[in-house]
Each structure stands twice: as C-alpha cells, then as structure tokens.
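To be precise, the following lines are input.txt, and they hold compact mmCIF, C-alpha atoms and all ligand atoms.
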```
# COMPACT_ATOMS: atom_id res chain seq x y z
CA MET A 1 0.00 0.00 0.00
CA GLU A 2 1.22 3.54 -0.74
CA SER A 3 2.46 5.43 2.28
CA PHE A 4 0.37 7.98 4.13
CA PRO A 5 0.54 11.32 2.25
CA VAL A 6 2.79 13.96 3.80
CA ILE A 7 2.73 17.35 2.12
CA ASP A 8 5.32 20.09 2.49
CA LEU A 9 3.25 23.25 2.10
CA GLU A 10 6.30 25.46 1.64
CA LYS A 11 6.84 23.82 -1.73
CA LEU A 12 3.76 25.66 -3.01
CA ASN A 13 6.01 28.71 -3.28
CA GLY A 14 8.61 27.23 -5.58
CA GLU A 15 9.02 25.23 -8.72
CA GLU A 16 7.48 22.17 -7.06
CA ARG A 17 4.07 23.85 -6.85
CA GLY A 18 2.57 21.63 -9.56
CA THR A 19 3.68 18.35 -7.98
CA THR A 20 2.56 19.56 -4.53
CA MET A 21 -0.90 20.45 -5.83
CA ALA A 22 -1.06 17.02 -7.50
CA LYS A 23 -0.14 15.36 -4.18
CA ILE A 24 -2.92 17.26 -2.42
CA LYS A 25 -5.37 16.24 -5.14
CA ASP A 26 -4.37 12.61 -4.87
CA ALA A 27 -4.65 12.71 -1.07
CA CYS A 28 -8.14 14.26 -1.27
CA GLU A 29 -9.34 11.75 -3.86
CA ASN A 30 -7.77 8.62 -2.42
CA TRP A 31 -7.21 9.14 1.29
CA GLY A 32 -9.48 11.92 2.62
CA PHE A 33 -6.53 12.58 4.93
CA PHE A 34 -3.04 14.06 4.67
CA GLU A 35 -0.37 15.38 6.96
CA LEU A 36 1.11 18.87 6.53
CA VAL A 37 4.61 20.05 7.38
CA ASN A 38 5.87 23.62 6.91
CA HIS A 39 2.27 24.76 7.23
CA GLY A 40 3.06 28.21 8.61
CA LEU A 41 2.34 27.64 12.33
CA SER A 42 5.57 28.22 14.22
CA HIS A 43 7.14 25.36 16.16
CA GLN A 44 7.34 27.68 19.14
CA LEU A 45 3.55 28.20 19.14
CA LEU A 46 2.90 24.47 18.71
CA ASP A 47 5.30 23.63 21.55
CA SER A 48 3.52 26.12 23.85
CA VAL A 49 0.09 24.79 22.90
CA GLU A 50 1.24 21.22 23.59
CA ARG A 51 2.83 22.07 26.93
CA LEU A 52 -0.14 24.15 28.11
CA ASN A 53 -2.65 21.48 27.09
CA LYS A 54 -0.72 18.73 28.84
CA GLU A 55 -0.46 20.85 31.99
CA HIS A 56 -4.16 21.66 31.82
CA TYR A 57 -5.06 17.99 31.50
CA LYS A 58 -2.99 17.07 34.57
CA LYS A 59 -4.34 19.93 36.62
CA CYS A 60 -8.02 20.05 35.65
CA MET A 61 -9.09 16.97 33.69
CA GLU A 62 -7.22 13.87 34.86
CA GLN A 63 -9.02 13.51 38.15
CA LYS A 64 -12.45 13.89 36.51
CA PHE A 65 -11.53 11.23 33.97
CA LYS A 66 -10.42 8.80 36.68
CA GLN A 67 -13.70 9.38 38.53
CA MET A 68 -15.68 8.66 35.36
CA VAL A 69 -13.71 5.43 34.82
CA ALA A 70 -14.31 4.35 38.43
CA SER A 71 -18.02 5.24 38.41
CA LYS A 72 -18.61 3.16 35.27
CA GLY A 73 -16.31 0.31 36.32
CA LEU A 74 -14.36 0.57 33.06
CA GLU A 75 -11.09 -0.82 34.46
CA ALA A 76 -12.66 -4.21 34.99
CA VAL A 77 -14.78 -4.70 31.87
CA GLN A 78 -14.80 -8.21 30.44
CA SER A 79 -16.58 -7.65 27.13
CA GLU A 80 -16.45 -5.06 24.38
CA ILE A 81 -17.87 -1.63 25.24
CA ASP A 82 -19.68 0.02 22.35
CA ASP A 83 -21.29 3.07 23.94
CA ILE A 84 -18.42 4.85 25.76
CA ASP A 85 -15.11 6.20 24.49
CA TRP A 86 -11.90 6.14 26.55
CA GLU A 87 -11.53 9.88 26.09
CA SER A 88 -11.34 13.03 28.18
CA THR A 89 -12.65 16.02 26.27
CA PHE A 90 -13.91 19.61 26.22
CA HIS A 91 -14.64 22.15 23.50
CA LEU A 92 -13.52 25.66 22.63
CA ARG A 93 -15.41 27.81 20.12
CA HIS A 94 -13.56 30.36 17.96
CA LEU A 95 -16.11 31.40 15.31
CA PRO A 96 -18.54 32.99 14.80
CA VAL A 97 -17.83 34.24 18.35
CA SER A 98 -15.04 32.98 20.62
CA ASP A 99 -16.00 31.52 24.00
CA ILE A 100 -12.41 31.06 25.23
CA SER A 101 -12.81 33.84 27.80
CA GLU A 102 -15.83 32.11 29.36
CA VAL A 103 -14.61 28.50 29.57
CA PRO A 104 -13.81 27.83 33.26
CA ASP A 105 -10.50 26.55 34.71
CA LEU A 106 -8.21 27.91 32.00
CA GLU A 107 -5.04 29.83 32.83
CA GLU A 108 -4.60 33.18 31.09
CA ASP A 109 -1.55 31.99 29.10
CA TYR A 110 -3.57 28.96 27.94
CA ARG A 111 -6.37 31.22 26.67
CA MET A 112 -3.90 33.45 24.84
CA ALA A 113 -2.00 30.59 23.23
CA MET A 114 -5.22 28.88 22.09
CA LYS A 115 -6.55 32.13 20.61
CA GLN A 116 -3.37 32.56 18.59
CA PHE A 117 -3.41 28.86 17.60
CA ALA A 118 -7.02 29.18 16.40
CA LEU A 119 -6.30 32.34 14.44
CA GLU A 120 -3.45 30.69 12.57
CA LEU A 121 -5.39 27.48 11.97
CA GLU A 122 -8.29 29.53 10.59
CA LYS A 123 -5.93 31.08 8.02
CA LEU A 124 -4.56 27.64 7.17
CA ALA A 125 -8.09 26.21 6.75
CA GLU A 126 -9.01 29.03 4.37
CA LEU A 127 -5.82 28.55 2.37
CA LEU A 128 -6.57 24.82 2.11
CA LEU A 129 -10.14 25.45 0.96
CA ASP A 130 -8.77 27.57 -1.88
CA LEU A 131 -6.22 24.90 -2.81
CA LEU A 132 -9.09 22.41 -2.94
CA CYS A 133 -11.04 24.82 -5.17
CA GLU A 134 -8.07 25.04 -7.52
CA ASN A 135 -7.78 21.26 -7.72
CA LEU A 136 -11.53 20.88 -8.22
CA GLY A 137 -11.73 23.53 -10.94
CA LEU A 138 -13.96 25.73 -8.80
CA GLU A 139 -13.37 29.46 -8.66
CA LYS A 140 -11.23 30.77 -5.81
CA GLY A 141 -13.35 31.45 -2.72
CA TYR A 142 -16.17 29.09 -3.75
CA LEU A 143 -15.85 26.79 -0.71
CA LYS A 144 -15.39 29.66 1.72
CA ARG A 145 -18.55 31.26 0.37
CA ALA A 146 -20.40 27.93 0.48
CA PHE A 147 -19.57 27.72 4.21
CA HIS A 148 -20.48 31.32 4.97
CA GLY A 149 -24.22 31.38 5.73
CA SER A 150 -25.36 34.62 7.36
CA LYS A 151 -22.72 34.74 10.12
CA GLY A 152 -19.63 33.17 8.58
CA PRO A 153 -18.20 29.72 9.25
CA THR A 154 -18.24 27.91 12.58
CA PHE A 155 -14.83 27.02 13.90
CA GLY A 156 -14.02 25.21 17.12
CA THR A 157 -11.49 22.92 18.77
CA LYS A 158 -12.22 19.64 20.51
CA VAL A 159 -9.51 19.25 23.14
CA SER A 160 -9.03 15.54 23.82
CA ASN A 161 -6.74 13.34 25.84
CA TYR A 162 -6.61 9.57 25.63
CA PRO A 163 -5.08 8.36 28.90
CA PRO A 164 -3.43 4.94 29.19
CA CYS A 165 -6.10 2.26 28.96
CA PRO A 166 -5.89 -1.16 30.65
CA LYS A 167 -8.33 -2.76 28.14
CA PRO A 168 -7.59 -1.26 24.69
CA ASP A 169 -9.00 -4.38 23.00
CA LEU A 170 -12.38 -3.83 24.70
CA ILE A 171 -12.75 -0.02 24.74
CA LYS A 172 -11.94 2.30 21.84
CA GLY A 173 -10.35 5.69 22.47
CA LEU A 174 -12.93 6.97 19.98
CA ARG A 175 -15.27 4.74 18.02
CA ALA A 176 -15.17 4.77 14.20
CA HIS A 177 -16.99 7.66 12.51
CA THR A 178 -16.71 10.21 9.73
CA ASP A 179 -16.60 13.90 10.68
CA ALA A 180 -19.77 15.85 9.98
CA GLY A 181 -18.27 19.20 9.07
CA GLY A 182 -15.98 20.79 6.51
CA ILE A 183 -12.23 20.56 6.94
CA ILE A 184 -10.56 19.31 10.11
CA LEU A 185 -7.09 20.33 11.29
CA LEU A 186 -5.57 18.06 13.89
CA PHE A 187 -2.56 18.75 16.07
CA GLN A 188 -1.87 15.35 17.57
CA ASP A 189 0.59 13.96 20.05
CA ASP A 190 3.96 13.35 18.44
CA LYS A 191 4.76 10.30 20.57
CA VAL A 192 1.57 8.46 21.48
CA SER A 193 -0.14 7.12 18.35
CA GLY A 194 -3.65 5.74 18.04
CA LEU A 195 -5.44 7.51 15.18
CA GLN A 196 -6.34 5.18 12.32
CA LEU A 197 -8.26 5.66 9.09
CA LEU A 198 -10.07 3.07 7.04
CA LYS A 199 -8.56 2.65 3.58
CA ASP A 200 -9.61 -0.08 1.18
CA GLY A 201 -11.11 -2.04 4.06
CA GLN A 202 -7.99 -1.86 6.24
CA TRP A 203 -7.19 0.30 9.26
CA VAL A 204 -4.10 2.40 8.56
CA ASP A 205 -2.16 4.34 11.22
CA VAL A 206 -1.89 8.11 10.89
CA PRO A 207 1.75 8.42 11.91
CA PRO A 208 2.62 10.84 14.71
CA MET A 209 5.05 13.44 13.40
CA ARG A 210 6.44 16.31 15.43
CA HIS A 211 5.01 19.74 14.53
CA SER A 212 2.77 18.41 11.77
CA ILE A 213 -0.93 19.16 11.24
CA VAL A 214 -3.14 16.32 10.04
CA ILE A 215 -5.96 17.32 7.70
CA ASN A 216 -9.13 15.39 6.97
CA LEU A 217 -12.27 16.10 5.02
CA GLY A 218 -15.75 16.02 6.55
CA ASP A 219 -19.16 15.03 5.21
CA GLN A 220 -19.92 18.57 3.94
CA LEU A 221 -17.01 18.50 1.51
CA GLU A 222 -18.23 15.15 0.25
CA VAL A 223 -21.63 16.72 -0.47
CA ILE A 224 -20.27 19.91 -2.06
CA THR A 225 -17.87 17.96 -4.28
CA ASN A 226 -20.73 15.60 -5.20
CA GLY A 227 -18.65 12.68 -3.91
CA LYS A 228 -15.44 13.53 -5.78
CA TYR A 229 -13.82 13.82 -2.35
CA LYS A 230 -15.04 11.58 0.47
CA SER A 231 -15.11 11.87 4.23
CA ILE A 232 -13.22 8.86 5.55
CA GLU A 233 -13.99 6.71 8.57
CA HIS A 234 -11.45 6.99 11.37
CA ARG A 235 -11.07 5.93 14.99
CA VAL A 236 -8.69 6.18 17.92
CA ILE A 237 -7.23 3.06 19.48
CA ALA A 238 -6.55 3.62 23.17
CA GLN A 239 -2.99 2.77 24.14
CA SER A 240 -1.92 0.87 27.24
CA ASP A 241 1.05 3.25 27.66
CA GLY A 242 1.23 7.03 27.44
CA ASN A 243 -1.33 9.80 27.33
CA ARG A 244 -2.31 10.90 23.82
CA MET A 245 -3.10 14.59 23.25
CA SER A 246 -5.36 15.44 20.33
CA LEU A 247 -6.51 18.93 19.35
CA ALA A 248 -9.00 18.62 16.51
CA SER A 249 -10.16 21.94 15.05
CA PHE A 250 -13.29 21.88 12.92
CA TYR A 251 -13.72 24.53 10.24
CA ASN A 252 -17.38 24.05 9.40
CA PRO A 253 -20.18 25.83 7.58
CA GLY A 254 -22.22 28.41 9.44
CA SER A 255 -25.35 26.98 11.03
CA ASP A 256 -27.69 28.43 8.38
CA ALA A 257 -25.43 27.78 5.38
CA VAL A 258 -27.24 25.87 2.64
CA ILE A 259 -25.08 22.95 1.53
CA TYR A 260 -25.44 21.28 -1.87
CA PRO A 261 -23.23 19.87 -4.62
CA ALA A 262 -21.39 22.55 -6.59
CA PRO A 263 -23.37 22.73 -9.86
CA GLU A 264 -20.16 22.71 -11.91
CA LEU A 265 -19.18 19.37 -10.37
CA ALA A 266 -22.66 17.85 -10.47
CA GLU A 267 -23.04 18.74 -14.15
CA LYS A 268 -19.81 16.93 -15.01
CA GLU A 269 -21.19 13.71 -13.55
CA GLU A 270 -23.26 11.51 -15.79
CA LYS A 271 -25.49 10.67 -12.86
CA GLY A 272 -25.96 14.38 -12.03
CA GLN A 273 -26.39 15.55 -8.44
CA VAL A 274 -26.29 12.55 -6.16
CA TYR A 275 -26.16 14.30 -2.79
CA PRO A 276 -28.92 16.27 -1.06
CA LYS A 277 -29.35 20.00 -0.46
CA PHE A 278 -29.91 21.02 3.15
CA VAL A 279 -29.27 23.55 5.89
CA PHE A 280 -26.08 22.68 7.80
CA GLU A 281 -27.66 22.82 11.26
CA ASP A 282 -30.29 20.29 10.18
CA TYR A 283 -27.47 17.93 9.26
CA MET A 284 -25.83 18.47 12.64
CA LYS A 285 -29.10 17.66 14.45
CA LEU A 286 -29.30 14.38 12.59
CA TYR A 287 -25.58 13.66 13.10
CA ALA A 288 -25.82 14.17 16.86
CA GLY A 289 -27.71 10.91 17.27
CA ARG A 290 -25.97 9.00 14.48
CA LYS A 291 -22.28 9.94 14.66
CA PHE A 292 -21.12 6.35 15.01
CA GLN A 293 -23.28 5.02 12.20
CA ALA A 294 -22.63 4.95 8.45
CA LYS A 295 -22.85 8.31 6.66
CA GLU A 296 -24.84 7.10 3.62
CA PRO A 297 -28.16 6.78 5.52
CA ARG A 298 -27.56 10.30 6.88
CA PHE A 299 -27.26 11.66 3.34
CA GLU A 300 -30.40 9.73 2.35
CA ALA A 301 -32.33 11.04 5.36
CA MET A 302 -31.38 14.63 4.48
CA LYS A 303 -33.22 14.25 1.17
CA THR A 304 -36.50 14.04 3.05
CA ILE A 305 -35.95 16.51 5.92
CA GLU A 306 -37.78 19.84 5.65
CA PRO A 307 -35.38 22.75 6.21
CA SER A 308 -35.80 24.29 9.65
CA LEU A 309 -35.20 27.88 8.57
CA ASN A 310 -37.85 30.28 7.38
CA SER A 311 -35.86 31.21 4.31
CA GLY A 312 -38.35 29.61 1.95
CA PRO A 313 -38.29 26.11 0.58
CA ILE A 314 -35.07 24.77 -0.87
CA ALA A 315 -35.27 22.20 -3.60
CA THR A 316 -34.05 18.73 -2.80
CA VAL A 317 -32.66 16.89 -5.76
FE FE B 1 -13.31 12.60 13.86
```
If you convert what's in this file into structure tokens, what do you get?
Amino acid sequence: MESFPVIDLEKLNGEERGTTMAKIKDACENWGFFELVNHGLSHQLLDSVERLNKEHYKKCMEQKFKQMVASKGLEAVQSEIDDIDWESTFHLRHLPVSDISEVPDLEEDYRMAMKQFALELEKLAELLLDLLCENLGLEKGYLKRAFHGSKGPTFGTKVSNYPPCPKPDLIKGLRAHTDAGGIILLFQDDKVSGLQLLKDGQWVDVPPMRHSIVINLGDQLEVITNGKYKSIEHRVIAQSDGNRMSLASFYNPGSDAVIYPAPELAEKEEKGQVYPKFVFEDYMKLYAGRKFQAKEPRFEAMKTIEPSLNSGPIATV
C-alpha cells in the first residue's frame, strides 16, 4: 500500500508547486486525509500549545476522567464496550464568536496561546479550501462562500486526551466515525499514536510526526464535491502506555449555510447531483444521534428533511 501522504506546504512557493498540488489532489481523492509540514504555524507556538494542554489535563481533567472510569467500572470490563469512548474532552469555540474567555478553569496563558493557535489554523483552513477549489476547478473562494451562511463559518477545537487504557481491545479511544463538518485540522501527540483511518477495508495508522498538522475532510465537503472527495472513517485506538493529546479543530459551515453539490461538479457527472441539499444545522441535528453510524443513511435522510429555517423552501434533488 502507498504510504500515508505527507505534504510540504512550503513547496507551493517554488518550482514544485505543480507536484505539490497534485499530491494534495491525490490525497483528497484517495485518502481523505493528509499530513502537513511547513504549514506556517511556528514550532514555538505548537510547543507552547502542547505544553499548556498537557499541563491543563494534569491539573483540571485527569481527576475527573479517573472518577468517570471508576463510576462506570471501566477498568474491569470483560466484554467489548460500544457506547463509551476512553476519552477526556472539552470544546472551545472560535467562530462565529469565541467563547475562550468564558470557559472555566483555563489559565490566562492557555487562553492566549489557544486564541493565537485558532487564528493561525483559521488562516490555514481558508488557504486549504482555496487549494481544494483550484484542484476541483472551482473558482477561488467558492468553498469559503459555500460555508459562509449569514454569520460566517463555525470554527471550534475539541480538546481531547486519551489516557493509558488497561483494556484497549475492549474499549476504543474513539469509536469509528466520519466527521460531519468541513475541513478538520488536527494537532496530535507526536509520541503516542492511536489515530487510524479506514482505507480499502484496512485500518491504517496516521503516523505521529512532530510539529505536523493532520488534515481530513468532513461530510460537507463530500456533499459539495458531489462525492469527488469523500469523508473517511477513522477511529482512535486507546494505548496501554502514554497519554495521547489530540486537538481537533473543525472549520465548518455556518449553522444556516445551505449545503449542496457545486453545480459545476454535479453537471460533469453523468449521474448528475447525487447528494442532497440542506441547511447545515439540520445535518448536525441528525448527526448528533448518528455519529457512530454509516454516513450514507444520513445523506439519504437529508433528502427528506424539511429545512428548519424560514428562508423559503429549498429544492431537494
Ligand atoms: Fe473525527
């Protein structure tokens, strides 16, 4: 099997631009995942973010996680658990309005570092959307506009830790799923592995790499590209040694953005538009109860759901 795609973004500025764009295209079409180096976020910022997150976990989250494990008797399970993940988590919102100032138990330097981290990731997400447009033959800015809605995109970070697990064969760190949203930028632990994606029926490790950002595509990009790019199933295997840090930042459409296949891409397909048209927040309502199920029935269900906004009927195709 080919090796996991690693893309040096700095090469976009030189004579290797063409081959780099081709690598991104291949990764989007065949993997739904790729890993970026030289992506523009400084190593110093990433090191601070990592240190502050690890300190925060120790200080504010570890005890809560241990209590949850004890209360549910997870250390002693004898059979496979399919309704709990071995994961400690909380969320930060950056767009449309940041909530970092209101989230409790965060040190001031943590808030500042995460604000800077989010700002730089937002720029990277927007650059990537335009690179995708270029590869798809869509005009520059198309995807950003498709995500805009009335208030701009939603952007947030899921801060996760996967502590050492005594029963990794019985409890997943995070059960298999595809991501609902747009484009996901992951800063993962450089030592403790665990993230895997499903490729050609086999689980493939996403290799930890210091200072890299892992990118994956969510369900909305599958819809907008009319299936040319696919959201890919992934999961986290809990490890018996080491605590895995995972900061997944989701650059998603605004809640009232209307999502549908780009007409230019649907027209090129003999079968026409195969994905539904819907309001993003309606998709998220459906996803909330079905995250760990296959995506295809979600897309089918969206063909029959009435839009919740009062913006007039939207045609479903
Ligand atoms: Fe995910």
Can you tell me which residues surround Pro168 in chain A at a distance of at most 8 Å, considering only C-alpha atoms, apart from same-chain residues fewer than 3 positions away, and format the answer as a VMD selection string?
chain A and resid 165 171 to 173 237 to 240
Ligand FE 1 (chain B) proximity check over A:Phe278, A:Trp203, A:Tyr260, A:Phe250, using all atoms listed in the file: winner is A:Phe250
Show me which residues sit within 12 Å of ligand FE 1 (chain B) when counting only C-alpha atoms and all ligand atoms, and put them as a VMD selection string.
chain A and resid 32 to 33 157 to 158 160 173 to 186 195 to 197 214 to 219 231 to 236 246 to 250 291 to 292
Using only C-alpha atoms: which of A:Lys199, A:Arg244, A:His148, A:His211 has the shortest distance to Phe4 in chain A
A:Lys199
Which neighbours of Phe280 in chain A fall inside 10 Å, counting all atoms listed in the file, when residues of the same chain fewer than 3 positions from it are skipped, and could you give them as number ranges by chain?
A: 147, 149, 180-181, 220, 252-260, 277, 283-285, 307
Find the distance between CA of Glu50 in chain A and CA of Lys64 in chain A and write it in Å to one decimal.
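If I compute the distance from CA of Glu50 in chain A to CA of Lys64 in chain A, I get 20.2 Å.
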Edge lengths and centre, in Å to one decimal, as JSON: that's what I need for the box along x, y and z that holds all listed atoms of range 149-164 of chain A plus 5 Å on each side.
```
{"center_x": -14.4, "center_y": 19.8, "center_z": 17.5, "size_x": 31.9, "size_y": 39.8, "size_z": 33.5}
```
Correct to one decimal, the distance CA of Gln188 in chain A-CA of Glu2 in chain A is 22.0 Å
To one decimal in Å, tell me the separation between CA of Gln67 in chain A and CA of Pro163 in chain A.
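Between CA of Gln67 in chain A and CA of Pro163 in chain A the gap works out to 13.0 Å.
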May I have the residues within 9 Å of Ser212 in chain A as a PyMOL selection string, using all atoms listed in the file and disregarding those fewer than 2 positions away in the same chain?
chain A and resi 35-39+186-188+190+208-210+214
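With distances restricted to only C-alpha atoms, A:Gly156 is the closest residue to His94 in chain A from A:Gly141, A:Gly40, A:Gly156, A:Gly289.
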Name the closest residue to Lys123 in chain A among the candidates A:Phe65, A:Lys271, A:Arg145, A:Phe155; distances are taken between atoms, counting all atoms listed in the file.
A:Phe155
Shell of 10 Å around Lys115 in chain A, all atoms listed in the file, local chain residues under 4 positions omitted, as a PyMOL selection string
chain A and resi 92-94+98+100-101+109-111+119-121
Using all atoms listed in the file, which protein or nucleic acid residues come within 12 Å of Glu55 in chain A? Drop anything in the same chain fewer than 5 positions from it, and give the result as a count of residues only.
13
Using only C-alpha atoms, which residue out of A:Val159, A:Glu15, A:Ile24, A:Leu136 lies closest to His56 in chain A?
A:Val159
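Nearest to Met21 in chain A of all the residues A:Ala118, A:Leu132, A:Leu46, A:Val279 is A:Leu132, based on only C-alpha atoms.
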